[in-house]
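Please read the structure below before turning to the comments.
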Amino acid sequence: MAKGLSAAEASEKLKTHGYNELPSSRPKSILRIAWEVMKEPMFLLLISCAVLYMVLGDYKEGSMLLSSILIIIFITFYQYQKTEKALDALKKLSAPRALVIRDGQEVRIAGREIVPGDLIIVNEGDRIPADARLEEATNLTIDESLLTGESLPVSKSISPAAQDAHGLVYSGTLVVQGRGLAAVFATGQDTQFGQIGKSLESIEQDTTRLQKEMSVLIRNLFIIGAVISLGVVAAFYFTRGDLLHSLLSGLAAAMAILPEEFPVVLTVFLALGAWRLSRQNVLTRKPSAIETLGSATVLCSDKTGTITQNRMEVAALYDGQAMVLREAFMQQSAIRVLACAFYASPQNSVDPMELAFRRAFEQLTPERAALELVREYPFSRQLLAMTRVLRGADGCHAYCKGAPEEVFRLCQLPDGAAAQLMAVVEQMADRGYRVLAAARCDARPEALPDEQPGFGFTFVGLLGLADPVRPEVPQAVRECQEAGIKVVMITGDFPATARSIASQAGIDTGGEVLSGDELKAMTDAELQARISRVNIFARVVPDQKLRIVKAFMANNEIVAMTGDGVNDAPALKAADIGIAMGSRGTDVAREASSLVLLDDNFASIVAAIRLGRRIFDNLQKAMSYVMAIHIPIIGLALLPAFFTSLPVLLMPLHIVFMELIIDPVSSVAFETEPEEKGIMSRPPRNPTERFFGWRRIATSILRGLLLLAAAMTVYFLSIREGHSDGEVRAIAFSSLIIGNVFLILTSLSRTRSFVSVILERNIAALSIMAVALTMLALVTLVPALERLFSFDYPGFRHFAISIAAASAMLLLLEVVKLIRYRLGKSNS
């Protein structure tokens, strides 16, 4: 094997040449964010209010409003930075990977760490990470349409001419067949791809269904807000006759009505949700996948490396006469079978089965003569077998391995002999082994056939490979079943092997096992009718996965599908949630998928579903809270417009104070809230159900009306007690802030009491609530702040009514929550 660069040499070149990546978009500066913030309707309203206060001569109030804009810009910048860091981490994770030779060893590294001089190994389905010159090539064909626009793949071979395009591979192009070894000579902007100036963005910023729904809701609320605000201006002007104060009241009403938090909350949740998924070894390539995770009803999973450990070992052999277990592999007949499988496998392979053949054979024969590769016949969709022709001191021989039934046909075995061997295959499969057959024959280099059936192979033996189930899989499967998700295993193994592995994994084996041949003979209608009874698909080829996905989707199932190969890409793209394998998956599969499984572990898929449900729950709770808290703000802002004898309660500065609480609570506190009780014990969410339907809107409005009733009760009782306008304003505003804190506590969870929420220590939520209460104490106790907020201190005992009203609201909401939770449990 070629030695390649040493780790030290690669590190030094990385310092010199920089990372193998194109320049990304520059992060936004605080000035750019400030400009974007200033264009938002909410902040235009703030500026308008500040200008009006200045015109009226109230410079303190105007200056305070302008200062609040700086605070909000800082909060927005912090949220943007947090989002950008999460996205940047995801982009680094999602960068193409490359198989290189360093210090004589094959290692897989991030494509961005490739340097000139590296030796890269490229296989079918890989995206070429850099411009390179071929050193070895076997049936290598590359799609260069990204660079040239030509749709036909180009055949590649070693060329003595340094600039011959047939001997060069280019960054960004795709290997569609074969494999090769190439020496890198250009990276990053120096590549042909970099010079053209294109850029591949692996994390797609698509507009999700939820974002579209939020856009419509915000537009409708904006229209309603504009109409109400104009009505308030008119009402104030005709009842009080002061145009400037009427405009101030109208602007305050507009600020109260506009839910400008919605887009911020949505952006933060989707970005941080993707970051949280990456910590569970799941990379989000499409934000829509986060929405869909909670709706999945069927999870179709590969067996090898996902359900099993992908640590294959040759556990048993059949040498043509008898079964030979691992402890007896020293027998000459067993070595002969292992040798045939070893020589039929490529030297630089990373396939787990071929690595198992190498380990077993090298352990038994540490010293052996080197053989020269004459020709290789790769696996194809039509023939599940491969052959390598090698020349040695004793002549030229062809070695073949593949699916038993294919190898039997290549050996032209009589029907009786093939049937006897298939019985042995079934016996090995019953033990959970994956079975391959091996064959060989003499060959003449000058007269090699064009296709594998042209060889006159002789059957050598069978090899049984064991791949233990991951220990965490049975529990993960149980969680899926409890969550109403059907787990389906898809494998290329024999039905007996598939059933054995499925049983170990905890997958229901009581249903039917459908083979690839049976599936091929079915019509789409027949498959759709039968697929609901099938939990195991055996002897399936990648092309058939697309039919499986479509059949499930035709039955109104929400399908998550795993895949790793080029042929899996159509199924991954068609599925509601396409999940590509990160460790062994091809770049094509990754690009077609919604999620990438970085550790190829089934349990990580289940963890992603759990986290997806949590993200969706918390997003719904945050949006419900935002809508609910705007109801009392709107009510208290509008009340004096229609009753001239009542003192004005909420001025623009008071509303800004509320917004400074609402923004971080809705985007940070709810996002960090732990999952609900029994989150994996409830059925999947109906994907056609609107995220914020009328029932949820009505519930939010009712909660808001309850807080409004509490604040208005305090407001009127304070007036009745004969307090001054400033004292009434201070007492009623306190009830609104305390009620808001209590509303946050009861809204953070639908299944746990507010006491549990406090004890579980959601640090973000508790910190924001503590700051809110501290600020409330300051604005009601510090004389300078009192005057700024137009408050008069009524005495501490007069705030008792504010606490009592807010507590009554909290108690009522907690009782309703408990009743709904118990009714939900009894109905489930």
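By order in the structure tokens, chains are A, B, ...; within a chain, residues start at 1; ligands start at 1, following the order shown.
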Any chance you could list, as a compact mmCIF listing (two decimals) with N, CA, C and O atoms, in the first residue's frame, the residues in segment 184-411 of chain A that come up helix (DSSP H, G or I) when DSSP is run on the backbone?
# COMPACT_ATOMS: atom_id res chain seq x y z
N GLY A 188 -9.47 23.73 -2.40
CA GLY A 188 -10.16 25.00 -2.15
C GLY A 188 -10.34 25.85 -3.40
O GLY A 188 -10.78 25.38 -4.45
N GLN A 189 -9.94 27.13 -3.32
CA GLN A 189 -10.14 28.06 -4.42
C GLN A 189 -9.25 27.76 -5.62
O GLN A 189 -9.49 28.25 -6.72
N ASP A 190 -8.19 26.94 -5.43
CA ASP A 190 -7.28 26.60 -6.53
C ASP A 190 -7.83 25.50 -7.43
O ASP A 190 -7.24 25.21 -8.46
N GLN A 192 -10.59 23.58 -10.02
CA GLN A 192 -11.42 24.03 -11.13
C GLN A 192 -12.78 24.50 -10.61
O GLN A 192 -13.31 25.52 -11.08
N PHE A 193 -13.29 23.79 -9.65
CA PHE A 193 -14.58 24.14 -9.06
C PHE A 193 -14.51 25.51 -8.39
O PHE A 193 -15.40 26.35 -8.52
N GLY A 194 -13.43 25.75 -7.64
CA GLY A 194 -13.25 27.02 -6.94
C GLY A 194 -13.09 28.18 -7.90
O GLY A 194 -13.58 29.29 -7.65
N GLN A 195 -12.40 27.95 -9.03
CA GLN A 195 -12.18 29.02 -9.99
C GLN A 195 -13.49 29.42 -10.69
O GLN A 195 -13.68 30.58 -11.05
N ILE A 196 -14.38 28.47 -10.87
CA ILE A 196 -15.67 28.81 -11.46
C ILE A 196 -16.47 29.68 -10.49
O ILE A 196 -17.29 30.49 -10.87
N ARG A 209 -43.00 24.15 5.83
CA ARG A 209 -44.46 24.33 5.92
C ARG A 209 -44.82 25.21 7.11
O ARG A 209 -45.71 26.05 7.03
N LEU A 210 -44.08 25.02 8.20
CA LEU A 210 -44.33 25.80 9.40
C LEU A 210 -44.02 27.27 9.17
O LEU A 210 -44.76 28.16 9.60
N GLN A 211 -42.90 27.55 8.48
CA GLN A 211 -42.55 28.95 8.19
C GLN A 211 -43.61 29.62 7.32
O GLN A 211 -43.94 30.79 7.53
N LYS A 212 -44.12 28.87 6.36
CA LYS A 212 -45.17 29.42 5.50
C LYS A 212 -46.43 29.72 6.31
O LYS A 212 -47.08 30.76 6.15
N GLU A 213 -46.78 28.79 7.22
CA GLU A 213 -47.97 28.99 8.06
C GLU A 213 -47.79 30.21 8.96
O GLU A 213 -48.72 31.01 9.13
N MET A 214 -46.57 30.37 9.52
CA MET A 214 -46.31 31.52 10.39
C MET A 214 -46.39 32.83 9.60
O MET A 214 -46.87 33.84 10.11
N SER A 215 -45.91 32.81 8.35
CA SER A 215 -45.96 34.02 7.52
C SER A 215 -47.40 34.48 7.31
O SER A 215 -47.72 35.67 7.40
N VAL A 216 -48.29 33.52 7.05
CA VAL A 216 -49.70 33.84 6.84
C VAL A 216 -50.31 34.39 8.14
O VAL A 216 -51.03 35.40 8.13
N LEU A 217 -49.99 33.75 9.28
CA LEU A 217 -50.54 34.18 10.56
C LEU A 217 -50.07 35.59 10.90
O LEU A 217 -50.86 36.45 11.31
N ILE A 218 -48.77 35.86 10.71
CA ILE A 218 -48.22 37.19 11.02
C ILE A 218 -48.84 38.25 10.11
O ILE A 218 -49.17 39.36 10.55
N ARG A 219 -49.01 37.91 8.83
CA ARG A 219 -49.63 38.86 7.90
C ARG A 219 -51.05 39.21 8.35
O ARG A 219 -51.44 40.39 8.38
N ASN A 220 -51.81 38.18 8.75
CA ASN A 220 -53.20 38.42 9.19
C ASN A 220 -53.23 39.28 10.46
O ASN A 220 -54.06 40.19 10.59
N LEU A 221 -52.31 38.96 11.40
CA LEU A 221 -52.28 39.74 12.64
C LEU A 221 -51.84 41.18 12.37
O LEU A 221 -52.30 42.11 13.03
N PHE A 222 -50.95 41.35 11.40
CA PHE A 222 -50.51 42.71 11.05
C PHE A 222 -51.68 43.53 10.52
O PHE A 222 -51.86 44.71 10.88
N ILE A 223 -52.50 42.91 9.67
CA ILE A 223 -53.66 43.61 9.11
C ILE A 223 -54.64 43.96 10.22
O ILE A 223 -55.15 45.10 10.31
N ILE A 224 -54.90 42.97 11.11
CA ILE A 224 -55.81 43.23 12.24
C ILE A 224 -55.26 44.35 13.12
O ILE A 224 -55.99 45.26 13.54
N GLY A 225 -53.94 44.30 13.39
CA GLY A 225 -53.31 45.32 14.22
C GLY A 225 -53.42 46.71 13.63
O GLY A 225 -53.67 47.70 14.34
N ALA A 226 -53.21 46.79 12.31
CA ALA A 226 -53.29 48.10 11.64
C ALA A 226 -54.70 48.68 11.76
O ALA A 226 -54.88 49.88 12.06
N VAL A 227 -55.72 47.84 11.56
CA VAL A 227 -57.11 48.30 11.64
C VAL A 227 -57.44 48.77 13.06
O VAL A 227 -58.02 49.84 13.27
N ILE A 228 -57.05 47.94 14.06
CA ILE A 228 -57.34 48.30 15.46
C ILE A 228 -56.61 49.58 15.86
O ILE A 228 -57.18 50.46 16.54
N SER A 229 -55.36 49.72 15.41
CA SER A 229 -54.58 50.90 15.78
C SER A 229 -55.20 52.17 15.22
O SER A 229 -55.27 53.21 15.90
N LEU A 230 -55.66 52.10 13.99
CA LEU A 230 -56.34 53.26 13.40
C LEU A 230 -57.62 53.59 14.17
O LEU A 230 -57.96 54.77 14.39
N GLY A 231 -58.31 52.50 14.60
CA GLY A 231 -59.52 52.71 15.40
C GLY A 231 -59.21 53.37 16.73
O GLY A 231 -59.96 54.25 17.20
N VAL A 232 -58.08 52.99 17.35
CA VAL A 232 -57.68 53.59 18.63
C VAL A 232 -57.35 55.06 18.45
O VAL A 232 -57.74 55.91 19.26
N VAL A 233 -56.61 55.38 17.40
CA VAL A 233 -56.27 56.78 17.13
C VAL A 233 -57.55 57.61 16.98
O VAL A 233 -57.69 58.70 17.56
N ALA A 234 -58.49 57.08 16.20
CA ALA A 234 -59.75 57.79 15.98
C ALA A 234 -60.53 57.94 17.28
O ALA A 234 -61.06 59.03 17.59
N ALA A 235 -60.61 56.85 18.06
CA ALA A 235 -61.37 56.90 19.32
C ALA A 235 -60.76 57.89 20.29
O ALA A 235 -61.47 58.69 20.94
N PHE A 236 -59.43 57.87 20.44
CA PHE A 236 -58.76 58.82 21.34
C PHE A 236 -58.98 60.26 20.88
O PHE A 236 -59.24 61.16 21.70
N TYR A 237 -58.85 60.46 19.59
CA TYR A 237 -58.94 61.84 19.09
C TYR A 237 -60.36 62.40 19.29
O TYR A 237 -60.53 63.54 19.73
N PHE A 238 -61.37 61.60 18.99
CA PHE A 238 -62.74 62.10 19.08
C PHE A 238 -63.22 62.20 20.53
O PHE A 238 -64.14 62.97 20.83
N THR A 239 -62.62 61.40 21.45
CA THR A 239 -63.06 61.47 22.85
C THR A 239 -62.22 62.44 23.67
O THR A 239 -62.71 63.02 24.64
N ARG A 240 -60.93 62.63 23.28
CA ARG A 240 -60.06 63.47 24.09
C ARG A 240 -59.52 64.68 23.32
O ARG A 240 -59.00 65.61 23.93
N LEU A 243 -54.38 65.18 19.25
CA LEU A 243 -53.90 64.37 18.14
C LEU A 243 -52.59 63.65 18.47
O LEU A 243 -52.46 62.45 18.19
N LEU A 244 -51.64 64.35 19.09
CA LEU A 244 -50.34 63.72 19.37
C LEU A 244 -50.49 62.57 20.35
O LEU A 244 -49.92 61.48 20.16
N HIS A 245 -51.28 62.79 21.43
CA HIS A 245 -51.50 61.71 22.39
C HIS A 245 -52.31 60.57 21.76
O HIS A 245 -52.15 59.40 22.11
N SER A 246 -53.19 60.94 20.83
CA SER A 246 -53.96 59.90 20.12
C SER A 246 -53.02 59.03 19.28
O SER A 246 -53.16 57.80 19.25
N LEU A 247 -52.06 59.70 18.58
CA LEU A 247 -51.09 58.94 17.80
C LEU A 247 -50.24 58.04 18.70
O LEU A 247 -49.95 56.89 18.35
N LEU A 248 -49.84 58.56 19.88
CA LEU A 248 -49.06 57.75 20.82
C LEU A 248 -49.83 56.51 21.26
O LEU A 248 -49.30 55.39 21.33
N SER A 249 -51.11 56.70 21.57
CA SER A 249 -51.94 55.57 21.99
C SER A 249 -52.10 54.55 20.86
O SER A 249 -52.08 53.33 21.07
N GLY A 250 -52.27 55.06 19.62
CA GLY A 250 -52.39 54.17 18.47
C GLY A 250 -51.12 53.37 18.24
O GLY A 250 -51.16 52.18 17.95
N LEU A 251 -49.95 54.05 18.39
CA LEU A 251 -48.68 53.36 18.24
C LEU A 251 -48.48 52.31 19.34
O LEU A 251 -47.96 51.22 19.10
N ALA A 252 -48.89 52.66 20.56
CA ALA A 252 -48.79 51.71 21.67
C ALA A 252 -49.65 50.47 21.40
O ALA A 252 -49.24 49.33 21.65
N ALA A 253 -50.85 50.71 20.86
CA ALA A 253 -51.73 49.59 20.53
C ALA A 253 -51.10 48.71 19.44
O ALA A 253 -51.15 47.48 19.51
N ALA A 254 -50.49 49.35 18.44
CA ALA A 254 -49.86 48.59 17.37
C ALA A 254 -48.71 47.75 17.92
O ALA A 254 -48.52 46.58 17.55
N MET A 255 -47.91 48.34 18.82
CA MET A 255 -46.80 47.61 19.44
C MET A 255 -47.32 46.42 20.24
O MET A 255 -46.70 45.35 20.30
N ALA A 256 -48.47 46.62 20.90
CA ALA A 256 -49.05 45.54 21.71
C ALA A 256 -49.56 44.39 20.86
O ALA A 256 -49.48 43.23 21.24
N ILE A 257 -50.09 44.73 19.68
CA ILE A 257 -50.74 43.71 18.85
C ILE A 257 -49.74 42.92 18.02
O ILE A 257 -49.87 41.70 17.84
N GLU A 261 -42.28 38.55 17.78
CA GLU A 261 -41.44 37.46 18.29
C GLU A 261 -41.53 36.19 17.43
O GLU A 261 -40.61 35.37 17.43
N PHE A 262 -42.65 36.01 16.72
CA PHE A 262 -42.87 34.76 15.97
C PHE A 262 -41.70 34.38 15.06
O PHE A 262 -41.18 33.27 15.15
N PRO A 263 -41.28 35.26 14.13
CA PRO A 263 -40.19 34.86 13.25
C PRO A 263 -38.88 34.62 13.99
O PRO A 263 -38.11 33.72 13.62
N VAL A 264 -38.61 35.41 15.06
CA VAL A 264 -37.39 35.22 15.84
C VAL A 264 -37.40 33.84 16.51
O VAL A 264 -36.43 33.09 16.46
N VAL A 265 -38.53 33.53 17.15
CA VAL A 265 -38.66 32.25 17.84
C VAL A 265 -38.48 31.09 16.87
O VAL A 265 -37.75 30.12 17.15
N LEU A 266 -39.11 31.18 15.71
CA LEU A 266 -39.03 30.10 14.72
C LEU A 266 -37.60 29.89 14.25
O LEU A 266 -37.11 28.76 14.17
N THR A 267 -36.90 30.98 13.95
CA THR A 267 -35.52 30.89 13.49
C THR A 267 -34.62 30.26 14.55
O THR A 267 -33.82 29.36 14.26
N VAL A 268 -34.75 30.74 15.79
CA VAL A 268 -33.91 30.23 16.87
C VAL A 268 -34.19 28.75 17.13
O VAL A 268 -33.26 27.94 17.28
N PHE A 269 -35.47 28.37 17.16
CA PHE A 269 -35.81 26.98 17.44
C PHE A 269 -35.28 26.04 16.37
O PHE A 269 -34.74 24.98 16.68
N LEU A 270 -35.44 26.40 15.09
CA LEU A 270 -34.99 25.52 14.01
C LEU A 270 -33.46 25.39 14.01
O LEU A 270 -32.91 24.30 13.81
N ALA A 271 -32.77 26.51 14.24
CA ALA A 271 -31.31 26.47 14.23
C ALA A 271 -30.76 25.70 15.43
O ALA A 271 -29.92 24.80 15.29
N LEU A 272 -31.26 26.03 16.62
CA LEU A 272 -30.77 25.34 17.82
C LEU A 272 -31.28 23.90 17.87
O LEU A 272 -30.61 23.02 18.41
N GLY A 273 -32.46 23.66 17.28
CA GLY A 273 -32.94 22.28 17.19
C GLY A 273 -32.02 21.43 16.35
O GLY A 273 -31.69 20.28 16.71
N ALA A 274 -31.56 21.97 15.21
CA ALA A 274 -30.61 21.25 14.36
C ALA A 274 -29.30 21.02 15.10
O ALA A 274 -28.69 19.94 15.00
N TRP A 275 -28.88 22.01 15.88
CA TRP A 275 -27.64 21.85 16.66
C TRP A 275 -27.80 20.77 17.74
O TRP A 275 -26.91 19.95 17.93
N ARG A 276 -28.96 20.76 18.40
CA ARG A 276 -29.19 19.72 19.42
C ARG A 276 -29.22 18.33 18.78
O ARG A 276 -28.72 17.36 19.36
N LEU A 277 -29.82 18.22 17.60
CA LEU A 277 -29.83 16.92 16.90
C LEU A 277 -28.41 16.47 16.58
O LEU A 277 -28.09 15.29 16.65
N SER A 278 -27.54 17.43 16.21
CA SER A 278 -26.16 17.05 15.89
C SER A 278 -25.45 16.49 17.11
O SER A 278 -24.57 15.63 16.98
N ARG A 279 -25.83 16.93 18.29
CA ARG A 279 -25.24 16.38 19.52
C ARG A 279 -25.72 14.97 19.80
O ARG A 279 -25.13 14.26 20.61
N SER A 288 -37.09 21.18 7.44
CA SER A 288 -38.42 20.56 7.45
C SER A 288 -38.41 19.21 8.15
O SER A 288 -39.44 18.75 8.64
N ALA A 289 -37.23 18.56 8.21
CA ALA A 289 -37.14 17.25 8.86
C ALA A 289 -37.46 17.37 10.35
O ALA A 289 -38.01 16.44 10.95
N ILE A 290 -37.12 18.50 10.97
CA ILE A 290 -37.39 18.68 12.40
C ILE A 290 -38.89 18.67 12.64
O ILE A 290 -39.38 18.10 13.62
N GLU A 291 -39.65 19.29 11.73
CA GLU A 291 -41.11 19.29 11.85
C GLU A 291 -41.68 17.89 11.67
O GLU A 291 -42.62 17.49 12.35
N THR A 292 -41.10 17.14 10.72
CA THR A 292 -41.68 15.86 10.33
C THR A 292 -41.34 14.73 11.29
O THR A 292 -42.06 13.74 11.36
N LEU A 293 -40.24 14.88 12.05
CA LEU A 293 -39.80 13.78 12.92
C LEU A 293 -40.90 13.31 13.87
O LEU A 293 -41.05 12.11 14.09
N ARG A 326 -15.44 -21.52 13.63
CA ARG A 326 -14.26 -20.64 13.68
C ARG A 326 -13.06 -21.30 14.33
O ARG A 326 -11.93 -21.14 13.88
N GLU A 327 -13.29 -22.07 15.39
CA GLU A 327 -12.16 -22.67 16.11
C GLU A 327 -11.43 -23.73 15.28
O GLU A 327 -10.31 -24.13 15.63
N ALA A 328 -12.02 -24.18 14.17
CA ALA A 328 -11.38 -25.23 13.34
C ALA A 328 -10.93 -24.67 11.98
O ALA A 328 -10.73 -25.42 11.03
N GLN A 332 -7.02 -27.23 6.29
CA GLN A 332 -6.61 -26.78 4.96
C GLN A 332 -7.80 -26.43 4.08
O GLN A 332 -7.76 -25.48 3.30
N SER A 333 -8.88 -27.20 4.22
CA SER A 333 -10.06 -26.94 3.38
C SER A 333 -10.68 -25.58 3.73
O SER A 333 -11.17 -24.86 2.86
N ALA A 334 -10.64 -25.22 5.03
CA ALA A 334 -11.19 -23.93 5.45
C ALA A 334 -10.32 -22.78 4.94
O ALA A 334 -10.82 -21.74 4.49
N ILE A 335 -9.00 -22.97 5.00
CA ILE A 335 -8.08 -21.94 4.51
C ILE A 335 -8.30 -21.72 3.02
O ILE A 335 -8.24 -20.58 2.53
N ARG A 336 -8.59 -22.78 2.29
CA ARG A 336 -8.82 -22.66 0.84
C ARG A 336 -10.05 -21.78 0.56
O ARG A 336 -10.04 -20.95 -0.35
N VAL A 337 -11.13 -21.95 1.36
CA VAL A 337 -12.33 -21.13 1.18
C VAL A 337 -12.04 -19.66 1.53
O VAL A 337 -12.42 -18.74 0.79
N LEU A 338 -11.33 -19.44 2.65
CA LEU A 338 -10.99 -18.08 3.06
C LEU A 338 -10.09 -17.40 2.03
O LEU A 338 -10.26 -16.22 1.73
N ALA A 339 -9.14 -18.16 1.47
CA ALA A 339 -8.24 -17.60 0.46
C ALA A 339 -9.02 -17.12 -0.75
O ALA A 339 -8.75 -16.04 -1.30
N CYS A 340 -9.98 -17.90 -1.16
CA CYS A 340 -10.77 -17.53 -2.34
C CYS A 340 -11.54 -16.24 -2.09
O CYS A 340 -11.55 -15.33 -2.93
N ALA A 341 -12.17 -16.11 -0.90
CA ALA A 341 -12.92 -14.88 -0.57
C ALA A 341 -11.98 -13.70 -0.42
O ALA A 341 -12.30 -12.57 -0.84
N PHE A 342 -10.79 -13.94 0.15
CA PHE A 342 -9.81 -12.86 0.34
C PHE A 342 -9.33 -12.31 -1.00
O PHE A 342 -9.31 -11.10 -1.22
N TYR A 343 -8.95 -13.21 -1.90
CA TYR A 343 -8.42 -12.76 -3.20
C TYR A 343 -9.51 -12.16 -4.09
O TYR A 343 -9.22 -11.40 -5.01
N PRO A 352 -17.18 -3.97 5.46
CA PRO A 352 -17.00 -4.79 6.66
C PRO A 352 -16.81 -6.28 6.36
O PRO A 352 -16.04 -6.96 7.05
N MET A 353 -17.52 -6.79 5.35
CA MET A 353 -17.39 -8.21 5.04
C MET A 353 -16.00 -8.51 4.47
O MET A 353 -15.36 -9.49 4.84
N GLU A 354 -15.54 -7.66 3.57
CA GLU A 354 -14.23 -7.88 2.97
C GLU A 354 -13.12 -7.69 4.00
O GLU A 354 -12.10 -8.39 3.95
N LEU A 355 -13.30 -6.77 4.95
CA LEU A 355 -12.34 -6.63 6.04
C LEU A 355 -12.32 -7.89 6.91
O LEU A 355 -11.26 -8.30 7.40
N ALA A 356 -13.49 -8.50 7.12
CA ALA A 356 -13.56 -9.74 7.90
C ALA A 356 -12.80 -10.86 7.19
O ALA A 356 -12.08 -11.64 7.83
N PHE A 357 -12.94 -10.98 5.85
CA PHE A 357 -12.19 -12.00 5.10
C PHE A 357 -10.69 -11.76 5.25
O PHE A 357 -9.91 -12.70 5.43
N ARG A 358 -10.28 -10.48 5.17
CA ARG A 358 -8.86 -10.17 5.27
C ARG A 358 -8.31 -10.55 6.64
O ARG A 358 -7.24 -11.16 6.74
N ARG A 359 -9.04 -10.14 7.71
CA ARG A 359 -8.55 -10.45 9.07
C ARG A 359 -8.41 -11.94 9.28
O ARG A 359 -7.41 -12.42 9.81
N ALA A 360 -9.43 -12.69 8.87
CA ALA A 360 -9.41 -14.14 9.09
C ALA A 360 -8.28 -14.81 8.29
O ALA A 360 -7.56 -15.67 8.83
N PHE A 361 -8.10 -14.41 7.05
CA PHE A 361 -7.09 -15.05 6.21
C PHE A 361 -5.68 -14.67 6.65
O PHE A 361 -4.78 -15.52 6.73
N GLU A 362 -5.46 -13.36 6.95
CA GLU A 362 -4.14 -12.93 7.36
C GLU A 362 -3.72 -13.53 8.69
O GLU A 362 -2.55 -13.76 8.95
N GLN A 363 -4.71 -13.81 9.56
CA GLN A 363 -4.41 -14.44 10.83
C GLN A 363 -3.90 -15.87 10.64
O GLN A 363 -3.01 -16.34 11.36
N LEU A 364 -4.45 -16.55 9.63
CA LEU A 364 -4.06 -17.94 9.37
C LEU A 364 -2.82 -18.04 8.49
O LEU A 364 -2.04 -18.99 8.61
N PRO A 404 -25.04 -16.46 -2.82
CA PRO A 404 -24.93 -17.90 -3.13
C PRO A 404 -25.64 -18.29 -4.43
O PRO A 404 -25.06 -19.00 -5.25
N GLU A 405 -26.89 -17.83 -4.61
CA GLU A 405 -27.62 -18.26 -5.81
C GLU A 405 -26.95 -17.77 -7.09
O GLU A 405 -26.98 -18.45 -8.12
N GLU A 406 -26.29 -16.59 -7.02
CA GLU A 406 -25.59 -16.08 -8.20
C GLU A 406 -24.34 -16.90 -8.48
O GLU A 406 -24.03 -17.23 -9.64
N VAL A 407 -23.60 -17.21 -7.44
CA VAL A 407 -22.37 -18.00 -7.62
C VAL A 407 -22.70 -19.41 -8.11
O VAL A 407 -21.99 -19.98 -8.96
N PHE A 408 -23.80 -20.01 -7.61
CA PHE A 408 -24.21 -21.33 -8.09
C PHE A 408 -24.47 -21.29 -9.60
O PHE A 408 -24.10 -22.22 -10.33
N ARG A 409 -25.11 -20.21 -10.05
CA ARG A 409 -25.38 -20.10 -11.49
C ARG A 409 -24.08 -19.92 -12.28
O ARG A 409 -23.93 -20.48 -13.37
N LEU A 410 -23.15 -19.12 -11.73
CA LEU A 410 -21.88 -18.94 -12.42
C LEU A 410 -21.09 -20.24 -12.50
O LEU A 410 -20.33 -20.47 -13.45
**Request:** Find the spatial neighbours of Pro153 of chain A, counting only C-alpha atoms, within a cut-off of 7 Å - ignore same-chain residues fewer than 3 positions away - and output them as a count of residues only.
**Result:** 4
**Asked** How far is it from atom CA of Ser593 of chain A to atom CA of Ala132 of chain A, in Å with one decimal?
**Response** 27.4 Å
**Request:** Calculate how many Å separate atom CA of Met561 of chain A from atom CA of Ser604 of chain A, rounding to one decimal.
**Result:**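 According to the coordinates, atom CA of Met561 of chain A and atom CA of Ser604 of chain A are separated by 13.6 Å.
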**Item:** Residues within 9 Å of segment 744-748 of chain A, only C-alpha atoms, excluding chain neighbours under 3 positions, as an MDAnalysis selection string
**Value:** chainID A and resid 618 621:622 624:625 665 669:670 673 739:741 752:755 757:758 765:766 769 810 813:814 817
Any chance you can output those residues with C-alpha atoms as a CSV table (one decimal), in the first residue's frame?
chain,number,residue,atom,x,y,z
A,618,ASN,CA,-41.6,23.5,23.0
A,621,LYS,CA,-45.7,26.2,23.8
A,622,ALA,CA,-43.6,29.2,23.0
A,624,SER,CA,-48.9,29.8,22.4
A,625,TYR,CA,-47.3,31.8,25.2
A,665,VAL,CA,-38.4,33.9,27.3
A,669,ALA,CA,-36.5,29.6,28.0
A,670,PHE,CA,-38.9,27.5,26.1
A,673,GLU,CA,-37.3,23.2,28.5
A,739,GLY,CA,-49.1,37.3,36.1
A,740,ASN,CA,-46.7,37.1,33.1
A,741,VAL,CA,-44.1,35.3,35.3
A,752,ARG,CA,-45.8,18.8,34.9
A,753,SER,CA,-46.9,21.3,37.6
A,754,PHE,CA,-45.2,24.6,38.0
A,755,VAL,CA,-43.5,23.3,41.2
A,757,VAL,CA,-40.8,23.1,36.6
A,758,ILE,CA,-39.1,25.2,39.3
A,765,ALA,CA,-36.4,30.5,32.4
A,766,LEU,CA,-35.7,31.1,36.1
A,769,MET,CA,-38.1,35.6,35.6
A,810,LEU,CA,-51.9,30.4,38.1
A,813,LEU,CA,-54.5,27.2,34.9
A,814,GLU,CA,-52.8,24.4,36.9
A,817,LYS,CA,-53.7,21.4,33.1
**Complete:** Restricting to only C-alpha atoms, whichever of A:Gly464, A:Arg720, A:Thr138, A:Thr509 is closest to Arg375 of chain A is A:Thr138
